[in-house]
Amino acid sequence: MPCAGRGAALYRGWPEFSGSEMELCAIQLPGRESRLREAPFIRMSDAVERAAEALEPQLDLPYVLFGHSMGAILCFELARLLRSRYGVGPIHLFVSARRAPQFADPQPPLHLLRDARFIAEINRRYNGLPREVLANTELMELLLPMLRADVQMIETYAYEPGLPLDCPITAFGGVEDSGLRIEDLEGWRAHTNSRFETKLFLGDHFFVQSAPKEVLEAISRSLNLANDFGSHRGFGR
């Protein structure tokens with residue numbers, strides 16, 4: 001699952017480093033890239049519900065969930081829904097660049113700000129808007145509704161306590177991500193009855209782009225594919 005304001009293209013370079021052990025399948029949310037003309041979700045529950053419906057035919061195979069930033073919360077709630085509805089949870093959950101869901105965001109909400117201030121604050125917090133995009137007025141007008149909807153979705157998300165997952169959880173973070181503390185990642189430990197670990201990478205909030213090889217190597221090591229699972233599919237990048 002991607003972060004706010006981005007789509008499956010965030011992981012465009014991943015297949016080059018994934019090898020033959022994993023089949024990588026990206027979930028493309030509406031309102032971006034190939035689904036640009038569709039209305040984006042503004043409620044987390046709606047996005048999770050649609051993702052569960054899309055994945056249900058594939059649940060006869062073992063699967064892994066990976067979500068970055070906003071996508072981490074999406075994958076966490078998706079894992080809980082798939083377990084409760086179909087009785088089939090993931091074999092591993094990877095959460096990236098996102099504080100554990102029980103921790104409130106310490107910064108004030110953004111999604112109701114006027115456009116100029118909204119864009120400035122998004123860029124200040126995450127450094128996620130390239131200069132060429134910011135300089136292109138028409139492109140920003142096209143992207144802004146999707147970005148604002150994504151931010152609304154994550155800012156209005158309300159965590160509800162539930163039973164821990166039975167699968168291992170690995171939490172990734174970037175050492176230069178100023179908006180994320182190691183304690184924020186460690187909080188994910190409460191959501192599994194199984195193994196938990198954290199892993200930090202060189203880079204800021206978007207280390208999944210700057211260090212894709214290292215991220216995929218860490219995923220493979222955590223899964224121990226060669227010894228334990230054989231060839232499996234991985235859903236929800």
# chains A, B, ... in the order shown; residues from 1 in each chain; ligands from 1
call {"tool": "closest_atom_pairs", "arguments": {"of": "region 16-56 of chain A", "to": "region 132-147 of chain A", "cutoff": "7 Å", "atoms": "only C-alpha atoms", "output": "JSON lines"}}
result
{"residue": "A:Gly31", "atom": "CA", "partner": "A:Met146", "partner_atom": "CA", "distance": 5.7}
{"residue": "A:Arg32", "atom": "CA", "partner": "A:Met146", "partner_atom": "CA", "distance": 6.9}
{"residue": "A:Pro40", "atom": "CA", "partner": "A:Met146", "partner_atom": "CA", "distance": 5.9}
call {"tool": "write_last_selection", "arguments": {"atoms": "N, CA and C atoms", "output": "mmCIF file, in the first residue's frame"}}
result
data_model
loop_
_atom_site.group_PDB
_atom_site.id
_atom_site.type_symbol
_atom_site.label_atom_id
_atom_site.label_comp_id
_atom_site.auth_asym_id
_atom_site.auth_seq_id
_atom_site.Cartn_x
_atom_site.Cartn_y
_atom_site.Cartn_z
ATOM 1 N N GLY A 31 -8.234 7.462 -7.649
ATOM 2 C CA GLY A 31 -7.894 8.873 -7.571
ATOM 3 C C GLY A 31 -6.481 9.208 -7.960
ATOM 4 N N ARG A 32 -5.718 8.221 -8.486
ATOM 5 C CA ARG A 32 -4.307 8.444 -8.818
ATOM 6 C C ARG A 32 -3.906 7.541 -9.982
ATOM 7 N N PRO A 40 -11.295 9.591 -4.983
ATOM 8 C CA PRO A 40 -10.474 8.967 -3.944
ATOM 9 C C PRO A 40 -11.284 8.711 -2.679
#
call {"tool": "select_by_dssp", "arguments": {"residues": "region 133-188 of chain A", "states": "alpha helix (DSSP H)", "output": "PDB file with N, CA and C atoms, in the first residue's frame"}}
result
ATOM      1  N   VAL A 133       7.040  19.395  -9.647  1.00  0.00           N
ATOM      2  CA  VAL A 133       5.598  19.246  -9.427  1.00  0.00           C
ATOM      3  C   VAL A 133       5.036  20.522  -8.802  1.00  0.00           C
ATOM      4  N   LEU A 134       5.727  21.049  -7.800  1.00  0.00           N
ATOM      5  CA  LEU A 134       5.270  22.282  -7.156  1.00  0.00           C
ATOM      6  C   LEU A 134       5.196  23.448  -8.136  1.00  0.00           C
ATOM      7  N   THR A 137       1.519  24.359 -12.044  1.00  0.00           N
ATOM      8  CA  THR A 137       0.221  24.702 -11.471  1.00  0.00           C
ATOM      9  C   THR A 137      -0.864  23.729 -11.897  1.00  0.00           C
ATOM     10  N   GLU A 138      -0.892  23.372 -13.179  1.00  0.00           N
ATOM     11  CA  GLU A 138      -1.926  22.471 -13.676  1.00  0.00           C
ATOM     12  C   GLU A 138      -1.806  21.089 -13.043  1.00  0.00           C
ATOM     13  N   LEU A 139      -0.576  20.613 -12.891  1.00  0.00           N
ATOM     14  CA  LEU A 139      -0.365  19.300 -12.276  1.00  0.00           C
ATOM     15  C   LEU A 139      -0.780  19.320 -10.808  1.00  0.00           C
ATOM     16  N   MET A 140      -0.445  20.385 -10.101  1.00  0.00           N
ATOM     17  CA  MET A 140      -0.840  20.480  -8.704  1.00  0.00           C
ATOM     18  C   MET A 140      -2.354  20.518  -8.556  1.00  0.00           C
ATOM     19  N   GLU A 141      -3.040  21.211  -9.446  1.00  0.00           N
ATOM     20  CA  GLU A 141      -4.500  21.243  -9.400  1.00  0.00           C
ATOM     21  C   GLU A 141      -5.089  19.859  -9.617  1.00  0.00           C
ATOM     22  N   LEU A 142      -4.406  19.050 -10.412  1.00  0.00           N
ATOM     23  CA  LEU A 142      -4.860  17.694 -10.683  1.00  0.00           C
ATOM     24  C   LEU A 142      -4.622  16.775  -9.481  1.00  0.00           C
ATOM     25  N   LEU A 143      -3.481  16.957  -8.822  1.00  0.00           N
ATOM     26  CA  LEU A 143      -3.089  16.068  -7.733  1.00  0.00           C
ATOM     27  C   LEU A 143      -3.683  16.453  -6.378  1.00  0.00           C
ATOM     28  N   LEU A 144      -4.011  17.727  -6.217  1.00  0.00           N
ATOM     29  CA  LEU A 144      -4.414  18.226  -4.906  1.00  0.00           C
ATOM     30  C   LEU A 144      -5.639  17.522  -4.318  1.00  0.00           C
ATOM     31  N   PRO A 145      -6.707  17.261  -5.082  1.00  0.00           N
ATOM     32  CA  PRO A 145      -7.866  16.579  -4.474  1.00  0.00           C
ATOM     33  C   PRO A 145      -7.510  15.198  -3.919  1.00  0.00           C
ATOM     34  N   MET A 146      -6.686  14.456  -4.636  1.00  0.00           N
ATOM     35  CA  MET A 146      -6.276  13.139  -4.160  1.00  0.00           C
ATOM     36  C   MET A 146      -5.425  13.248  -2.914  1.00  0.00           C
ATOM     37  N   LEU A 147      -4.475  14.172  -2.909  1.00  0.00           N
ATOM     38  CA  LEU A 147      -3.599  14.337  -1.756  1.00  0.00           C
ATOM     39  C   LEU A 147      -4.404  14.775  -0.535  1.00  0.00           C
ATOM     40  N   ARG A 148      -5.317  15.714  -0.709  1.00  0.00           N
ATOM     41  CA  ARG A 148      -6.129  16.175   0.408  1.00  0.00           C
ATOM     42  C   ARG A 148      -7.030  15.057   0.938  1.00  0.00           C
ATOM     43  N   ALA A 149      -7.593  14.256   0.028  1.00  0.00           N
ATOM     44  CA  ALA A 149      -8.442  13.132   0.454  1.00  0.00           C
ATOM     45  C   ALA A 149      -7.643  12.108   1.251  1.00  0.00           C
ATOM     46  N   ASP A 150      -6.419  11.808   0.803  1.00  0.00           N
ATOM     47  CA  ASP A 150      -5.570  10.863   1.530  1.00  0.00           C
ATOM     48  C   ASP A 150      -5.251  11.372   2.927  1.00  0.00           C
ATOM     49  N   VAL A 151      -4.917  12.662   3.017  1.00  0.00           N
ATOM     50  CA  VAL A 151      -4.593  13.239   4.324  1.00  0.00           C
ATOM     51  C   VAL A 151      -5.824  13.225   5.226  1.00  0.00           C
ATOM     52  N   GLN A 152      -6.987  13.515   4.656  1.00  0.00           N
ATOM     53  CA  GLN A 152      -8.222  13.438   5.436  1.00  0.00           C
ATOM     54  C   GLN A 152      -8.459  12.021   5.931  1.00  0.00           C
ATOM     55  N   MET A 153      -8.199  11.040   5.079  1.00  0.00           N
ATOM     56  CA  MET A 153      -8.419   9.641   5.451  1.00  0.00           C
ATOM     57  C   MET A 153      -7.573   9.239   6.655  1.00  0.00           C
ATOM     58  N   ILE A 154      -6.306   9.633   6.651  1.00  0.00           N
ATOM     59  CA  ILE A 154      -5.430   9.238   7.754  1.00  0.00           C
ATOM     60  C   ILE A 154      -5.669  10.098   8.986  1.00  0.00           C
ATOM     61  N   GLU A 155      -6.029  11.374   8.802  1.00  0.00           N
ATOM     62  CA  GLU A 155      -6.232  12.245   9.966  1.00  0.00           C
ATOM     63  C   GLU A 155      -7.550  11.979  10.676  1.00  0.00           C
ATOM     64  N   ILE A 182      11.885   6.339  17.203  1.00  0.00           N
ATOM     65  CA  ILE A 182      12.009   4.891  17.351  1.00  0.00           C
ATOM     66  C   ILE A 182      10.896   4.357  18.247  1.00  0.00           C
ATOM     67  N   GLU A 183      10.452   5.160  19.231  1.00  0.00           N
ATOM     68  CA  GLU A 183       9.351   4.736  20.096  1.00  0.00           C
ATOM     69  C   GLU A 183       8.055   4.560  19.304  1.00  0.00           C
ATOM     70  N   ASP A 184       7.886   5.385  18.270  1.00  0.00           N
ATOM     71  CA  ASP A 184       6.692   5.264  17.427  1.00  0.00           C
ATOM     72  C   ASP A 184       6.662   3.921  16.718  1.00  0.00           C
ATOM     73  N   LEU A 185       7.822   3.473  16.249  1.00  0.00           N
ATOM     74  CA  LEU A 185       7.911   2.170  15.584  1.00  0.00           C
ATOM     75  C   LEU A 185       7.773   1.035  16.597  1.00  0.00           C
ATOM     76  N   GLU A 186       8.397   1.179  17.750  1.00  0.00           N
ATOM     77  CA  GLU A 186       8.345   0.131  18.771  1.00  0.00           C
ATOM     78  C   GLU A 186       6.913  -0.119  19.245  1.00  0.00           C
TER      79      GLU A 186
END
call {"tool": "closest_residue", "arguments": {"among": "A:Arg12, A:Arg117, A:Arg99, A:Arg195", "to": "His68 (chain A)", "atoms": "only C-alpha atoms"}}
result
A:Arg99
call {"tool": "closest_residue", "arguments": {"among": "A:Gly174, A:Pro62, A:Gly7, A:Gly162", "to": "Lys199 (chain A)", "atoms": "only C-alpha atoms"}}
result
A:Gly174
call {"tool": "closest_atom_pairs", "arguments": {"of": "region 7-122 of chain A", "to": "region 205-211 of chain A", "cutoff": "8 Å", "atoms": "only C-alpha atoms", "output": "tab-separated table"}}
result
residue	atom	partner	partner_atom	distance
A:Leu10	CA	A:Gln209	CA	6.9
A:Tyr11	CA	A:Gln209	CA	7.3
A:Ala97	CA	A:His205	CA	6.3
call {"tool": "select_by_dssp", "arguments": {"residues": "region 92-122 of chain A", "states": "strand (DSSP E or B)", "output": "PyMOL selection string"}}
result
chain A and resi 92-96
call {"tool": "write_last_selection", "arguments": {"atoms": "all heavy atoms", "output": "mmCIF file, in the first residue's frame"}}
result
data_model
loop_
_atom_site.group_PDB
_atom_site.id
_atom_site.type_symbol
_atom_site.label_atom_id
_atom_site.label_comp_id
_atom_site.auth_asym_id
_atom_site.auth_seq_id
_atom_site.Cartn_x
_atom_site.Cartn_y
_atom_site.Cartn_z
ATOM 1 N N HIS A 92 2.952 -12.354 7.379
ATOM 2 C CA HIS A 92 3.834 -11.319 7.920
ATOM 3 C C HIS A 92 3.255 -9.965 7.554
ATOM 4 O O HIS A 92 2.721 -9.784 6.453
ATOM 5 C CB HIS A 92 5.250 -11.452 7.340
ATOM 6 C CG HIS A 92 6.323 -10.879 8.212
ATOM 7 N ND1 HIS A 92 7.307 -11.646 8.782
ATOM 8 C CD2 HIS A 92 6.567 -9.603 8.636
ATOM 9 C CE1 HIS A 92 8.120 -10.891 9.508
ATOM 10 N NE2 HIS A 92 7.684 -9.637 9.426
ATOM 11 N N LEU A 93 3.360 -9.021 8.481
ATOM 12 C CA LEU A 93 2.947 -7.645 8.221
ATOM 13 C C LEU A 93 4.163 -6.741 8.342
ATOM 14 O O LEU A 93 4.842 -6.736 9.375
ATOM 15 C CB LEU A 93 1.874 -7.212 9.227
ATOM 16 C CG LEU A 93 1.470 -5.731 9.193
ATOM 17 C CD1 LEU A 93 0.830 -5.369 7.856
ATOM 18 C CD2 LEU A 93 0.516 -5.404 10.351
ATOM 19 N N PHE A 94 4.420 -5.977 7.271
ATOM 20 C CA PHE A 94 5.506 -5.002 7.268
ATOM 21 C C PHE A 94 4.889 -3.608 7.273
ATOM 22 O O PHE A 94 4.102 -3.273 6.377
ATOM 23 C CB PHE A 94 6.396 -5.176 6.039
ATOM 24 C CG PHE A 94 7.182 -6.448 6.035
ATOM 25 C CD1 PHE A 94 6.661 -7.591 5.442
ATOM 26 C CD2 PHE A 94 8.436 -6.523 6.628
ATOM 27 C CE1 PHE A 94 7.368 -8.776 5.438
ATOM 28 C CE2 PHE A 94 9.156 -7.700 6.626
ATOM 29 C CZ PHE A 94 8.630 -8.834 6.040
ATOM 30 N N VAL A 95 5.241 -2.819 8.272
ATOM 31 C CA VAL A 95 4.726 -1.453 8.389
ATOM 32 C C VAL A 95 5.920 -0.502 8.290
ATOM 33 O O VAL A 95 6.940 -0.702 8.928
ATOM 34 C CB VAL A 95 3.950 -1.254 9.697
ATOM 35 C CG1 VAL A 95 2.640 -2.022 9.658
ATOM 36 C CG2 VAL A 95 4.767 -1.691 10.904
ATOM 37 N N SER A 96 5.771 0.534 7.503
ATOM 38 C CA SER A 96 6.912 1.372 7.143
ATOM 39 C C SER A 96 6.595 2.846 7.339
ATOM 40 O O SER A 96 5.546 3.333 6.888
ATOM 41 C CB SER A 96 7.273 1.092 5.668
ATOM 42 O OG SER A 96 8.280 1.939 5.203
#
call {"tool": "residues_around", "arguments": {"residues": "Ala158 (chain A)", "least_positions_apart": "3", "cutoff": "12 Å", "atoms": "only C-alpha atoms", "output": "number ranges by chain"}}
result
A: 43-45, 73, 77, 101-105, 152-155, 161
call {"tool": "atom_distance", "arguments": {"atom1": "CA of Val175 (chain A)", "atom2": "CA of Leu29 (chain A)"}}
result
27.9 Å
call {"tool": "closest_residue", "arguments": {"among": "A:Arg114, A:Arg131, A:Arg6, A:Arg125", "to": "Met70 (chain A)", "atoms": "only C-alpha atoms"}}
result
A:Arg6
call {"tool": "closest_residue", "arguments": {"among": "A:Pro57, A:Ala26, A:Leu65, A:Gly5", "to": "Phe41 (chain A)", "atoms": "only C-alpha atoms"}}
result
A:Gly5
call {"tool": "closest_residue", "arguments": {"among": "A:Leu202, A:Ala51, A:Leu180, A:Ala8", "to": "Cys75 (chain A)", "atoms": "only C-alpha atoms"}}
result
A:Ala51
call {"tool": "closest_residue", "arguments": {"among": "A:Ala4, A:Leu74, A:Leu82, A:Leu59", "to": "Tyr126 (chain A)", "atoms": "only C-alpha atoms"}}
result
A:Ala4
call {"tool": "residues_around", "arguments": {"residues": "Pro164 (chain A)", "least_positions_apart": "4", "cutoff": "8 Å", "atoms": "only C-alpha atoms", "output": "list in words"}}
result
Ala190, His191, Thr192 and Asn193 of chain A
